[in-house]
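A.B. asks: Structure file my_file-v3.csv (CSV, C-alpha atoms and all ligand atoms) is given on the next line.
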```csv
chain,number,residue,atom,x,y,z
A,1,MET,CA,-66.1,-11.2,22.2
A,2,ILE,CA,-64.5,-9.4,19.3
A,3,VAL,CA,-63.7,-6.5,21.5
A,4,ALA,CA,-62.2,-8.9,24.1
A,5,ILE,CA,-60.0,-10.6,21.6
A,6,LEU,CA,-58.9,-7.3,20.0
A,7,SER,CA,-58.1,-5.9,23.5
A,8,PHE,CA,-56.1,-9.0,24.3
A,9,ILE,CA,-54.1,-8.6,21.1
A,10,ILE,CA,-53.5,-4.9,21.8
A,11,PHE,CA,-52.5,-5.9,25.4
A,12,ALA,CA,-50.1,-8.5,23.9
A,13,TRP,CA,-48.6,-5.9,21.6
A,14,PHE,CA,-47.8,-3.5,24.5
A,15,LEU,CA,-46.7,-6.3,26.9
A,16,THR,CA,-44.2,-7.7,24.3
A,17,GLY,CA,-43.0,-4.1,23.8
A,18,TYR,CA,-42.6,-3.7,27.6
A,19,LEU,CA,-40.6,-6.9,27.7
A,20,GLY,CA,-38.2,-5.4,25.2
A,21,MET,CA,-39.0,-7.5,22.2
A,22,SER,CA,-38.2,-6.0,18.8
A,23,ARG,CA,-40.9,-4.4,16.7
A,24,ASN,CA,-40.6,-7.1,14.1
A,25,SER,CA,-41.0,-9.9,16.6
A,26,ARG,CA,-44.1,-8.2,18.1
A,27,LEU,CA,-45.6,-7.7,14.7
A,28,GLY,CA,-44.9,-11.4,14.0
A,29,ILE,CA,-46.7,-12.4,17.2
A,30,VAL,CA,-49.7,-10.2,16.4
A,31,PHE,CA,-49.8,-11.5,12.9
A,32,ALA,CA,-49.7,-15.1,14.1
A,33,MET,CA,-52.6,-14.4,16.5
A,34,PHE,CA,-54.8,-13.0,13.7
A,35,LEU,CA,-53.8,-15.8,11.4
A,36,SER,CA,-54.7,-18.5,14.0
A,37,ILE,CA,-58.1,-16.9,14.5
A,38,LEU,CA,-58.6,-16.8,10.7
A,39,LEU,CA,-57.5,-20.4,10.3
A,40,SER,CA,-59.8,-21.5,13.1
A,41,LEU,CA,-62.7,-19.7,11.4
A,42,LEU,CA,-61.9,-21.2,8.1
A,43,VAL,CA,-61.8,-24.7,9.5
A,44,LEU,CA,-65.0,-24.4,11.6
A,45,ALA,CA,-68.4,-24.4,10.0
A,46,GLU,CA,-70.1,-21.0,9.4
A,47,THR,CA,-72.9,-22.2,11.7
A,48,ASN,CA,-70.5,-22.8,14.6
A,49,SER,CA,-71.3,-20.5,17.5
A,50,PHE,CA,-67.6,-19.2,17.6
A,51,SER,CA,-67.9,-18.3,13.9
A,52,ILE,CA,-71.1,-16.5,14.5
A,53,THR,CA,-69.7,-14.6,17.5
A,54,MET,CA,-66.6,-13.6,15.5
A,55,GLY,CA,-68.6,-12.4,12.6
A,56,GLY,CA,-67.3,-14.9,10.0
A,57,TRP,CA,-63.9,-15.2,8.5
A,58,ALA,CA,-64.0,-12.3,6.1
A,59,PRO,CA,-63.2,-9.4,8.4
A,60,TRP,CA,-60.4,-11.4,10.1
A,61,ALA,CA,-58.9,-12.3,6.7
A,62,THR,CA,-58.8,-8.5,5.9
A,63,ILE,CA,-57.1,-7.7,9.3
A,64,SER,CA,-54.7,-10.6,9.0
A,65,PHE,CA,-53.8,-9.5,5.5
A,66,LEU,CA,-53.2,-5.9,6.6
A,67,VAL,CA,-51.1,-6.9,9.7
A,68,GLY,CA,-49.2,-9.4,7.5
A,69,LEU,CA,-48.5,-6.7,5.0
A,70,VAL,CA,-47.1,-4.3,7.7
A,71,PHE,CA,-45.0,-7.2,9.1
A,72,LEU,CA,-43.5,-8.0,5.6
A,73,PHE,CA,-42.9,-4.4,4.9
A,74,GLN,CA,-41.0,-4.0,8.2
A,75,LEU,CA,-39.0,-7.1,7.5
A,76,PHE,CA,-38.1,-5.8,4.1
A,77,ILE,CA,-36.9,-2.4,5.6
A,78,LYS,CA,-34.8,-4.3,8.1
A,79,ILE,CA,-33.1,-6.4,5.4
A,80,LEU,CA,-32.3,-3.2,3.4
A,81,LYS,CA,-30.9,-1.5,6.5
A,82,ASN,CA,-28.7,-4.5,7.2
A,83,LYS,CA,-27.4,-4.5,3.7
A,84,SER,CA,-26.4,-0.8,3.9
A,85,LYS,CA,-24.8,-1.5,7.2
A,86,ASP,CA,-22.7,-4.2,5.6
A,87,HIS,CA,-21.7,-1.8,2.9
A,88,LYS,CA,-20.7,0.7,5.5
A,89,SER,CA,-18.6,-1.7,7.4
A,90,ASN,CA,-16.9,-2.8,4.2
A,91,ASP,CA,-16.0,0.8,3.6
A,92,ASN,CA,-14.8,1.1,7.1
A,93,GLU,CA,-12.6,-2.0,6.6
A,94,LYS,CA,-11.1,-0.3,3.6
A,95,ASN,CA,-10.3,2.8,5.6
A,96,ASP,CA,-9.1,0.7,8.5
A,97,GLU,CA,-6.5,-1.1,6.3
A,98,PHE,CA,-4.1,1.0,8.3
A,99,SER,CA,-3.9,0.4,12.0
A,100,GLU,CA,-4.3,3.3,14.4
A,101,HIS,CA,-0.5,3.2,14.8
A,102,GLU,CA,0.1,3.4,11.1
A,103,LEU,CA,-2.4,6.2,10.6
A,104,GLU,CA,-0.5,8.3,13.2
A,105,ARG,CA,2.9,7.1,12.0
A,106,TYR,CA,2.3,8.1,8.4
A,107,SER,CA,-0.1,11.0,9.1
A,108,ARG,CA,2.2,13.6,7.7
A,109,HIS,CA,2.3,11.7,4.4
A,110,ILE,CA,-1.5,11.0,4.4
A,111,ILE,CA,-2.2,14.7,4.9
A,112,LEU,CA,-0.2,15.6,1.8
A,113,LYS,CA,-2.8,15.8,-0.9
A,114,GLU,CA,-0.5,14.4,-3.6
A,115,ILE,CA,0.0,11.2,-1.5
A,116,GLY,CA,-3.0,10.8,0.8
A,117,GLY,CA,-4.3,7.5,2.1
A,118,LEU,CA,-4.1,6.0,-1.4
A,119,GLY,CA,-0.5,6.9,-1.9
A,120,GLN,CA,0.5,5.7,1.5
A,121,ARG,CA,-1.3,2.4,0.7
A,122,ARG,CA,0.7,2.2,-2.5
A,123,ILE,CA,3.9,2.6,-0.5
A,124,LYS,CA,2.8,-0.1,1.9
A,125,ASP,CA,2.0,-2.5,-0.9
A,126,SER,CA,5.2,-1.8,-2.8
A,127,SER,CA,8.6,-3.5,-2.9
A,128,VAL,CA,11.9,-1.9,-3.7
A,129,LEU,CA,15.2,-3.5,-4.4
A,130,ILE,CA,18.3,-1.5,-3.3
A,131,LEU,CA,21.6,-2.4,-5.0
A,132,GLY,CA,24.5,-1.6,-2.8
A,133,VAL,CA,24.0,-0.4,0.8
A,134,GLY,CA,26.9,2.0,1.0
A,135,GLY,CA,26.8,5.8,1.1
A,136,LEU,CA,23.9,6.1,-1.3
A,137,GLY,CA,22.0,3.1,0.0
A,138,SER,CA,22.1,4.3,3.6
A,139,PRO,CA,19.7,7.3,3.2
A,140,VAL,CA,17.6,5.4,0.7
A,141,ILE,CA,17.1,2.7,3.2
A,142,GLN,CA,16.4,5.2,6.0
A,143,TYR,CA,13.7,7.1,4.1
A,144,LEU,CA,12.1,4.1,2.4
A,145,ALA,CA,11.9,2.2,5.7
A,146,ALA,CA,10.6,5.3,7.6
A,147,SER,CA,8.0,5.9,4.8
A,148,GLY,CA,6.7,2.4,5.3
A,149,VAL,CA,7.7,0.7,2.0
A,150,GLY,CA,6.2,-2.8,2.4
A,151,THR,CA,9.2,-4.9,1.2
A,152,ILE,CA,12.8,-3.7,0.9
A,153,GLY,CA,15.3,-6.0,-0.7
A,154,ILE,CA,19.0,-5.2,-0.2
A,155,ILE,CA,21.9,-6.7,-2.1
A,156,ASP,CA,25.5,-6.3,-1.3
A,157,ASP,CA,28.5,-8.6,-0.6
A,158,ASP,CA,30.6,-6.1,1.3
A,159,LYS,CA,31.5,-5.9,5.0
A,160,VAL,CA,31.3,-2.7,7.1
A,161,SER,CA,34.8,-1.2,7.2
A,162,LEU,CA,36.2,1.7,9.2
A,163,SER,CA,36.5,4.0,6.2
A,164,ASN,CA,32.8,3.5,5.4
A,165,LEU,CA,31.7,5.1,8.7
A,166,GLN,CA,32.4,8.7,7.6
A,167,ARG,CA,29.4,8.6,5.3
A,168,GLN,CA,27.5,5.3,5.5
A,169,VAL,CA,25.4,6.5,8.4
A,170,ILE,CA,23.3,3.4,9.1
A,171,TYR,CA,26.3,1.5,10.5
A,172,PRO,CA,27.3,1.9,14.1
A,173,THR,CA,31.0,1.5,14.9
A,174,GLU,CA,30.5,-1.7,16.9
A,175,GLN,CA,29.3,-3.4,13.7
A,176,LEU,CA,32.7,-3.1,12.0
A,177,GLY,CA,33.5,-6.2,10.0
A,178,GLU,CA,29.9,-7.4,9.8
A,179,GLN,CA,28.2,-8.2,6.4
A,180,LYS,CA,26.5,-4.9,5.4
A,181,VAL,CA,23.2,-6.5,4.4
A,182,PHE,CA,22.7,-8.0,7.8
A,183,SER,CA,23.7,-4.8,9.6
A,184,ALA,CA,21.5,-2.9,7.3
A,185,THR,CA,18.6,-5.3,8.0
A,186,GLU,CA,19.0,-4.5,11.7
A,187,ALA,CA,19.0,-0.8,10.9
A,188,ILE,CA,15.7,-1.1,9.0
A,189,TYR,CA,14.0,-3.1,11.7
A,190,LYS,CA,15.1,-0.6,14.3
A,191,LEU,CA,13.6,2.2,12.2
A,192,ASN,CA,10.3,0.4,11.3
A,193,SER,CA,9.5,-3.1,12.2
A,194,ASN,CA,6.5,-3.2,9.8
A,195,VAL,CA,8.9,-3.4,6.9
A,196,ASN,CA,9.7,-6.8,5.4
A,197,VAL,CA,13.4,-7.0,4.6
A,198,ARG,CA,15.0,-9.4,2.2
A,199,PRO,CA,18.8,-9.4,2.4
A,200,TYR,CA,20.9,-10.8,-0.4
A,201,ASN,CA,24.4,-11.3,0.9
A,202,ARG,CA,26.0,-11.5,-2.6
A,203,ARG,CA,27.2,-9.6,-5.5
A,204,LEU,CA,24.7,-8.9,-8.3
A,205,ASN,CA,25.5,-10.8,-11.5
A,206,ALA,CA,23.7,-11.2,-14.8
A,207,GLU,CA,22.6,-14.7,-14.1
A,208,ILE,CA,20.4,-13.8,-11.1
A,209,ALA,CA,19.6,-10.2,-11.8
A,210,GLU,CA,16.4,-10.6,-13.9
A,211,GLU,CA,14.9,-13.2,-11.6
A,212,ILE,CA,15.4,-11.0,-8.5
A,213,PHE,CA,14.3,-7.8,-10.3
A,214,SER,CA,11.1,-9.4,-11.4
A,215,GLU,CA,10.0,-9.6,-7.8
A,216,TYR,CA,10.2,-5.8,-7.2
A,217,ASP,CA,8.4,-2.7,-8.3
A,218,VAL,CA,11.4,-0.3,-8.4
A,219,ILE,CA,15.1,-0.9,-8.5
A,220,VAL,CA,17.4,1.6,-6.8
A,221,ASP,CA,21.0,1.6,-8.0
A,222,GLY,CA,23.5,2.9,-5.4
A,223,THR,CA,26.4,0.7,-6.5
A,224,ASP,CA,29.9,2.0,-6.8
A,225,ASN,CA,31.1,0.1,-9.9
A,226,PHE,CA,30.3,0.3,-13.6
A,227,GLU,CA,30.1,-3.5,-14.2
A,228,THR,CA,27.2,-3.8,-11.8
A,229,ARG,CA,25.5,-0.7,-13.2
A,230,TYR,CA,25.4,-2.2,-16.7
A,231,ILE,CA,24.1,-5.5,-15.4
A,232,ALA,CA,21.4,-3.7,-13.4
A,233,ASN,CA,20.4,-1.6,-16.3
A,234,ALA,CA,20.1,-4.6,-18.7
A,235,ALA,CA,18.0,-6.5,-16.1
A,236,ALA,CA,15.8,-3.5,-15.3
A,237,THR,CA,15.2,-2.9,-19.0
A,238,LYS,CA,14.4,-6.5,-19.6
A,239,THR,CA,12.0,-6.8,-16.7
A,240,ASN,CA,10.4,-3.3,-17.3
A,241,LYS,CA,11.3,-2.0,-13.9
A,242,PRO,CA,12.0,1.7,-13.3
A,243,LEU,CA,15.7,2.2,-12.3
A,244,VAL,CA,16.5,5.0,-9.9
A,245,SER,CA,20.2,5.6,-10.3
A,246,GLY,CA,22.6,7.7,-8.3
A,247,ALA,CA,26.4,8.2,-8.6
A,248,LEU,CA,29.1,10.2,-6.7
A,249,SER,CA,32.5,11.4,-7.2
A,250,GLN,CA,34.4,13.6,-4.7
A,251,TRP,CA,32.1,16.7,-4.4
A,252,GLU,CA,29.7,16.0,-7.1
A,253,GLY,CA,26.7,13.7,-7.4
A,254,GLN,CA,24.0,12.9,-10.0
A,255,VAL,CA,20.5,11.3,-10.0
A,256,SER,CA,18.3,10.1,-12.7
A,257,VAL,CA,15.4,7.7,-13.5
A,258,PHE,CA,15.7,5.2,-16.3
A,259,ALA,CA,12.7,3.5,-17.7
A,260,PRO,CA,12.6,2.7,-21.5
A,261,HIS,CA,9.2,1.0,-21.0
A,262,GLN,CA,7.9,4.5,-20.0
A,263,GLY,CA,9.4,6.3,-22.9
A,264,GLY,CA,12.6,7.4,-21.2
A,265,PRO,CA,16.2,6.4,-21.8
A,266,CYS,CA,18.0,3.5,-20.2
A,267,TYR,CA,21.3,4.0,-18.5
A,268,ALA,CA,23.2,2.7,-21.6
A,269,CYS,CA,21.4,5.3,-23.8
A,270,VAL,CA,23.1,8.0,-21.7
A,271,PHE,CA,26.3,6.2,-20.9
A,272,PRO,CA,26.8,3.7,-23.8
A,273,LYS,CA,30.3,2.7,-22.5
A,274,PRO,CA,31.9,2.8,-19.1
A,275,PRO,CA,34.4,5.6,-18.7
A,276,LYS,CA,38.0,4.8,-19.3
A,277,GLU,CA,40.0,3.4,-16.4
A,278,GLY,CA,40.9,6.2,-14.0
A,279,ALA,CA,38.6,8.8,-15.7
A,280,VAL,CA,36.1,8.6,-12.8
A,281,LEU,CA,37.7,8.3,-9.3
A,282,THR,CA,36.0,5.9,-6.9
A,283,CYS,CA,35.5,7.0,-3.3
A,284,ALA,CA,38.6,5.0,-2.3
A,285,GLU,CA,40.7,6.6,-5.0
A,286,GLY,CA,39.5,10.2,-5.0
A,287,GLY,CA,37.6,10.6,-1.7
A,288,VAL,CA,34.1,11.7,-1.2
A,289,PHE,CA,32.6,14.6,0.8
A,290,SER,CA,30.7,13.0,3.8
A,291,PRO,CA,27.2,14.6,3.4
A,292,LEU,CA,27.1,14.3,-0.4
A,293,PRO,CA,25.9,10.6,-0.4
A,294,GLY,CA,23.2,11.8,2.1
A,295,VAL,CA,22.0,14.5,-0.4
A,296,ILE,CA,22.1,12.3,-3.5
A,297,GLY,CA,20.7,9.2,-1.7
A,298,SER,CA,17.8,11.4,-0.4
A,299,PHE,CA,17.1,12.5,-3.9
A,300,MET,CA,17.0,8.8,-4.9
A,301,ALA,CA,14.5,8.2,-2.1
A,302,VAL,CA,12.4,11.1,-3.3
A,303,GLU,CA,12.3,9.8,-6.9
A,304,THR,CA,11.5,6.3,-5.7
A,305,LEU,CA,8.6,7.4,-3.5
A,306,LYS,CA,7.2,9.6,-6.2
A,307,ILE,CA,7.2,6.6,-8.6
A,308,LEU,CA,5.5,4.4,-5.9
A,309,THR,CA,2.9,7.0,-5.1
A,310,GLN,CA,2.4,8.2,-8.7
A,311,SER,CA,2.8,11.8,-7.5
A,312,GLY,CA,4.5,14.7,-9.2
A,313,SER,CA,6.9,14.2,-12.1
A,314,THR,CA,10.1,12.1,-11.9
A,315,LEU,CA,13.6,12.7,-13.3
A,316,LEU,CA,12.8,10.3,-16.2
A,317,GLY,CA,14.5,11.8,-19.2
A,318,GLN,CA,16.5,14.2,-17.0
A,319,MET,CA,19.6,14.1,-14.9
A,320,PHE,CA,20.0,16.2,-11.8
A,321,ILE,CA,23.6,17.1,-11.0
A,322,TYR,CA,24.7,18.6,-7.7
A,323,ASP,CA,28.1,20.3,-7.2
A,324,SER,CA,28.4,20.5,-3.4
A,325,LEU,CA,31.8,22.3,-3.5
A,326,ASN,CA,30.3,25.3,-5.3
A,327,GLY,CA,26.7,24.9,-4.1
A,328,GLU,CA,25.5,24.6,-7.7
A,329,THR,CA,22.8,22.4,-9.2
A,330,ARG,CA,21.8,21.8,-12.8
A,331,LYS,CA,19.5,19.6,-14.7
A,332,ILE,CA,20.3,18.1,-18.1
A,333,LYS,CA,18.0,16.4,-20.6
A,334,THR,CA,18.6,12.8,-21.3
A,335,ASP,CA,17.4,11.1,-24.5
A,336,ARG,CA,16.7,7.6,-25.6
A,337,SER,CA,19.3,6.4,-28.1
A,338,ILE,CA,17.9,4.6,-31.2
A,339,ASN,CA,21.1,2.6,-31.4
A,340,CYS,CA,21.1,1.6,-27.8
A,341,PRO,CA,22.2,-2.1,-27.6
A,342,VAL,CA,20.2,-2.5,-24.4
A,343,CYS,CA,16.8,-0.9,-25.0
A,344,SER,CA,16.3,-0.5,-28.7
A,345,ASP,CA,14.2,-3.2,-30.5
B,1,ZN,ZN,19.0,2.3,-23.8
```
Take the structure in this file and express it as structure tokens.
Ligand SMILES: [Zn+2]
C.D. replies:
Amino acid sequence: MIVAILSFIIFAWFLTGYLGMSRNSRLGIVFAMFLSILLSLLVLAETNSFSITMGGWAPWATISFLVGLVFLFQLFIKILKNKSKDHKSNDNEKNDEFSEHELERYSRHIILKEIGGLGQRRIKDSSVLILGVGGLGSPVIQYLAASGVGTIGIIDDDKVSLSNLQRQVIYPTEQLGEQKVFSATEAIYKLNSNVNVRPYNRRLNAEIAEEIFSEYDVIVDGTDNFETRYIANAAATKTNKPLVSGALSQWEGQVSVFAPHQGGPCYACVFPKPPKEGAVLTCAEGGVFSPLPGVIGSFMAVETLKILTQSGSTLLGQMFIYDSLNGETRKIKTDRSINCPVCSD
């Protein structure tokens, strides 16, 4: 009888296996069989013929206990495996934060060890406000959009004019007369539709500057007038935002990063007062060499992306100057002024 029952259980084990049931379910069935035999024996009197034939409850209790132990052990292993699988899929989700399209699109950035996946994610999660979308703003927009900056804010109240087209390369001729921010928004979306653009069709003023700046990680100043530069500097200093600043005149351009909260100077530390009327010629007054804004604006994009990705060292505390007419570059040190009315305590 015992042999017959054991044979039946072994047969059940292989049959369930043949039917494709999981190892744990099969173990559960076998365990349930042993347990029901054990329970029957416990309920029946010891003098019952079935009990006598089965040899009493003790050996069955031992077998049930051992099978139960194996079953529980297998169950425990399965739970552990599932947990580690969950961990793995969480890790995969992190890696998969970029779509296949993005991984390919930004692959030449991701492959750079100074940027990598982490840096590219920082770019994606970041927001940059560009003041002025003229000659300097054009390349800044192009490279920030192409690099995948998550949110790009652009503020300007100007319209696209015929004399802009010689250097403001994001505007096609057919968009003459359009508001620059809307034309620039179109240019960004054409380059990279993953970017979120916020156009502000207005001139920056002191009343709105701090509120707008507080929504961005980096402020890029490509404006062409000193009044706006000082407003931008005061608001960037107040809101603790790094200010990437570029300026042009005829054949020469300069770039620097201002961030008093990071120990560097602010714009007013270096230029406490605007130059006297007529001392610095605007593009309209003195002209500007077509590719120069492209060079300086690209330098501004470089500094911005280094800040966002926390790679390399920026031009904080230094000013880079490029003389395109003579092909000369130089870098000067810029210091914080203890008497600065904007950033000194
Ligand atoms: Zn200062």
A.B. asks: CA of Asn196 in chain A and CA of Thr151 in chain A, how far apart in Å?
C.D. replies: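 Separation between CA of Thr151 in chain A and CA of Asn196 in chain A: 4.6 Å.
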A.B. asks: Which residues of chain A have any atom within 6 Å of an atom in ligand ZN 1 (chain B) when counting only C-alpha atoms and all ligand atoms, and what is the closest pair of atoms for each, with the distance in Å to one decimal? Order the rows by chain and rising number and write it as CSV.
C.D. replies:
```
residue,atom,partner,partner_atom,distance
A:Pro265,CA,B:ZN1,ZN,5.4
A:Cys266,CA,B:ZN1,ZN,3.9
A:Ala268,CA,B:ZN1,ZN,4.8
A:Cys269,CA,B:ZN1,ZN,3.8
A:Ser337,CA,B:ZN1,ZN,5.9
A:Cys340,CA,B:ZN1,ZN,4.6
A:Val342,CA,B:ZN1,ZN,5.0
A:Cys343,CA,B:ZN1,ZN,4.1
```
A.B. asks: Give me, as a list in words, all polymer residues having an atom no more than 9 Å from Thr53 in chain A, counting all atoms listed in the file and skipping those fewer than 4 positions away in the same chain.
C.D. replies: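 In the requested format, the answer is Met1, Ile2, Asn48 and Ser49 of chain A.
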A.B. asks: Neighbouring residues of range 273-276 of chain A were defined as those with any atom within 12 Å, considering only C-alpha atoms; residues of the same chain fewer than 4 positions away were excluded. Please report them as a ChimeraX atom specification.
C.D. replies: /A:225-231,267-269,280-282,340-342
A.B. asks: With a distance cut-off of 10 Å and all atoms listed in the file, select the neighbouring residues of Glu114 in chain A, excluding the residue or stretch itself and same-chain residues fewer than 6 positions from it, and output the selection as a list in words.
C.D. replies: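 With the cut-off at 10 Å, the set is Lys306, Thr309, Gln310, Ser311 and Gly312 of chain A.
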A.B. asks: Between CA of Leu38 in chain A and CA of Ile52 in chain A, what is the distance in Å, rounded to a tenth?
C.D. replies: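 Going from CA of Leu38 in chain A over to CA of Ile52 in chain A, I get 13.1 Å.
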A.B. asks: Counting all atoms listed in the file, figure out which residue out of A:Leu129, A:Ala236, A:Met33, A:Ala184 gets nearest to Ala206 in chain A.
C.D. replies: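 Ranked by minimum distance to Ala206 in chain A, first place goes to A:Ala236.
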A.B. asks: Using all atoms listed in the file, can you tell me which of A:Ile5, A:Val195, A:Ala12, A:Val181 comes closest to Leu144 in chain A?
C.D. replies: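 Checking each candidate against Leu144 in chain A, we get A:Val195 as the closest.
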A.B. asks: For Ile188 in chain A, which residue among A:Ser138, A:Glu211, A:Leu176, A:Leu162 is the nearest when counting all atoms listed in the file?
C.D. replies: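 Closest candidate: A:Ser138.
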A.B. asks: Rounded to one decimal, what separation in Å do you get between CA of Asn24 in chain A and CA of Ser40 in chain A?
C.D. replies: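 Going from CA of Asn24 in chain A over to CA of Ser40 in chain A, I get 24.0 Å.
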A.B. asks: Give as an mmCIF file with C-alpha atoms, in the frame of the given file each residue that has an atom at most 9 Å from (11.5, 3.2, 12.1) in the file, counting all atoms listed in the file.
C.D. replies:
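For reference, selection-v6.cif as written:
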```cif
data_model
loop_
_atom_site.group_PDB
_atom_site.id
_atom_site.type_symbol
_atom_site.label_atom_id
_atom_site.label_comp_id
_atom_site.auth_asym_id
_atom_site.auth_seq_id
_atom_site.Cartn_x
_atom_site.Cartn_y
_atom_site.Cartn_z
ATOM 1 C CA GLN A 142 16.400 5.200 6.000
ATOM 2 C CA ALA A 145 11.900 2.200 5.700
ATOM 3 C CA ALA A 146 10.600 5.300 7.600
ATOM 4 C CA SER A 147 8.000 5.900 4.800
ATOM 5 C CA GLY A 148 6.700 2.400 5.300
ATOM 6 C CA ALA A 187 19.000 -0.800 10.900
ATOM 7 C CA ILE A 188 15.700 -1.100 9.000
ATOM 8 C CA TYR A 189 14.000 -3.100 11.700
ATOM 9 C CA LYS A 190 15.100 -0.600 14.300
ATOM 10 C CA LEU A 191 13.600 2.200 12.200
ATOM 11 C CA ASN A 192 10.300 0.400 11.300
ATOM 12 C CA SER A 193 9.500 -3.100 12.200
ATOM 13 C CA ASN A 194 6.500 -3.200 9.800
ATOM 14 C CA VAL A 195 8.900 -3.400 6.900
#
```
A.B. asks: Between A:Leu292, A:Ile10, A:Leu44, A:Glu277, single out the one closest to Ile29 in chain A, counting only C-alpha atoms.
C.D. replies: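 Among A:Leu292, A:Ile10, A:Leu44, A:Glu277, it is A:Ile10 that comes nearest to Ile29 in chain A.
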A.B. asks: Considering all atoms listed in the file, can you say which of A:Leu316, A:Ile170, A:Leu325, A:Ala279 comes closest to Glu252 in chain A?
C.D. replies: A:Leu325
A.B. asks: Fewer than 6 positions away in the same chain doesn't count, so skip those; otherwise give me all residues within 7 Å of Ile296 in chain A, counting all atoms listed in the file, as a compact mmCIF listing (two decimals) with C-alpha atoms, in the coordinates of the input.
C.D. replies:
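The file below, result-v4.txt, is the result:
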```txt
# COMPACT_ATOMS: atom_id res chain seq x y z
CA LEU A 136 23.90 6.10 -1.30
CA GLY A 246 22.60 7.70 -8.30
CA GLY A 253 26.70 13.70 -7.40
CA GLN A 254 24.00 12.90 -10.00
CA VAL A 255 20.50 11.30 -10.00
```
A.B. asks: Residues at most 10 Å from Met319 in chain A, counting all atoms listed in the file, excluding those fewer than 6 positions away in the same chain, as a ChimeraX atom specification?
C.D. replies: /A:245-246,254-258,270,330-334
A.B. asks: Could you check which of A:Val149, A:Val140, A:Val133, A:Ile155 is closest to Phe299 in chain A, using only C-alpha atoms?
C.D. replies: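 Under the stated criterion, the closest residue is A:Val140.
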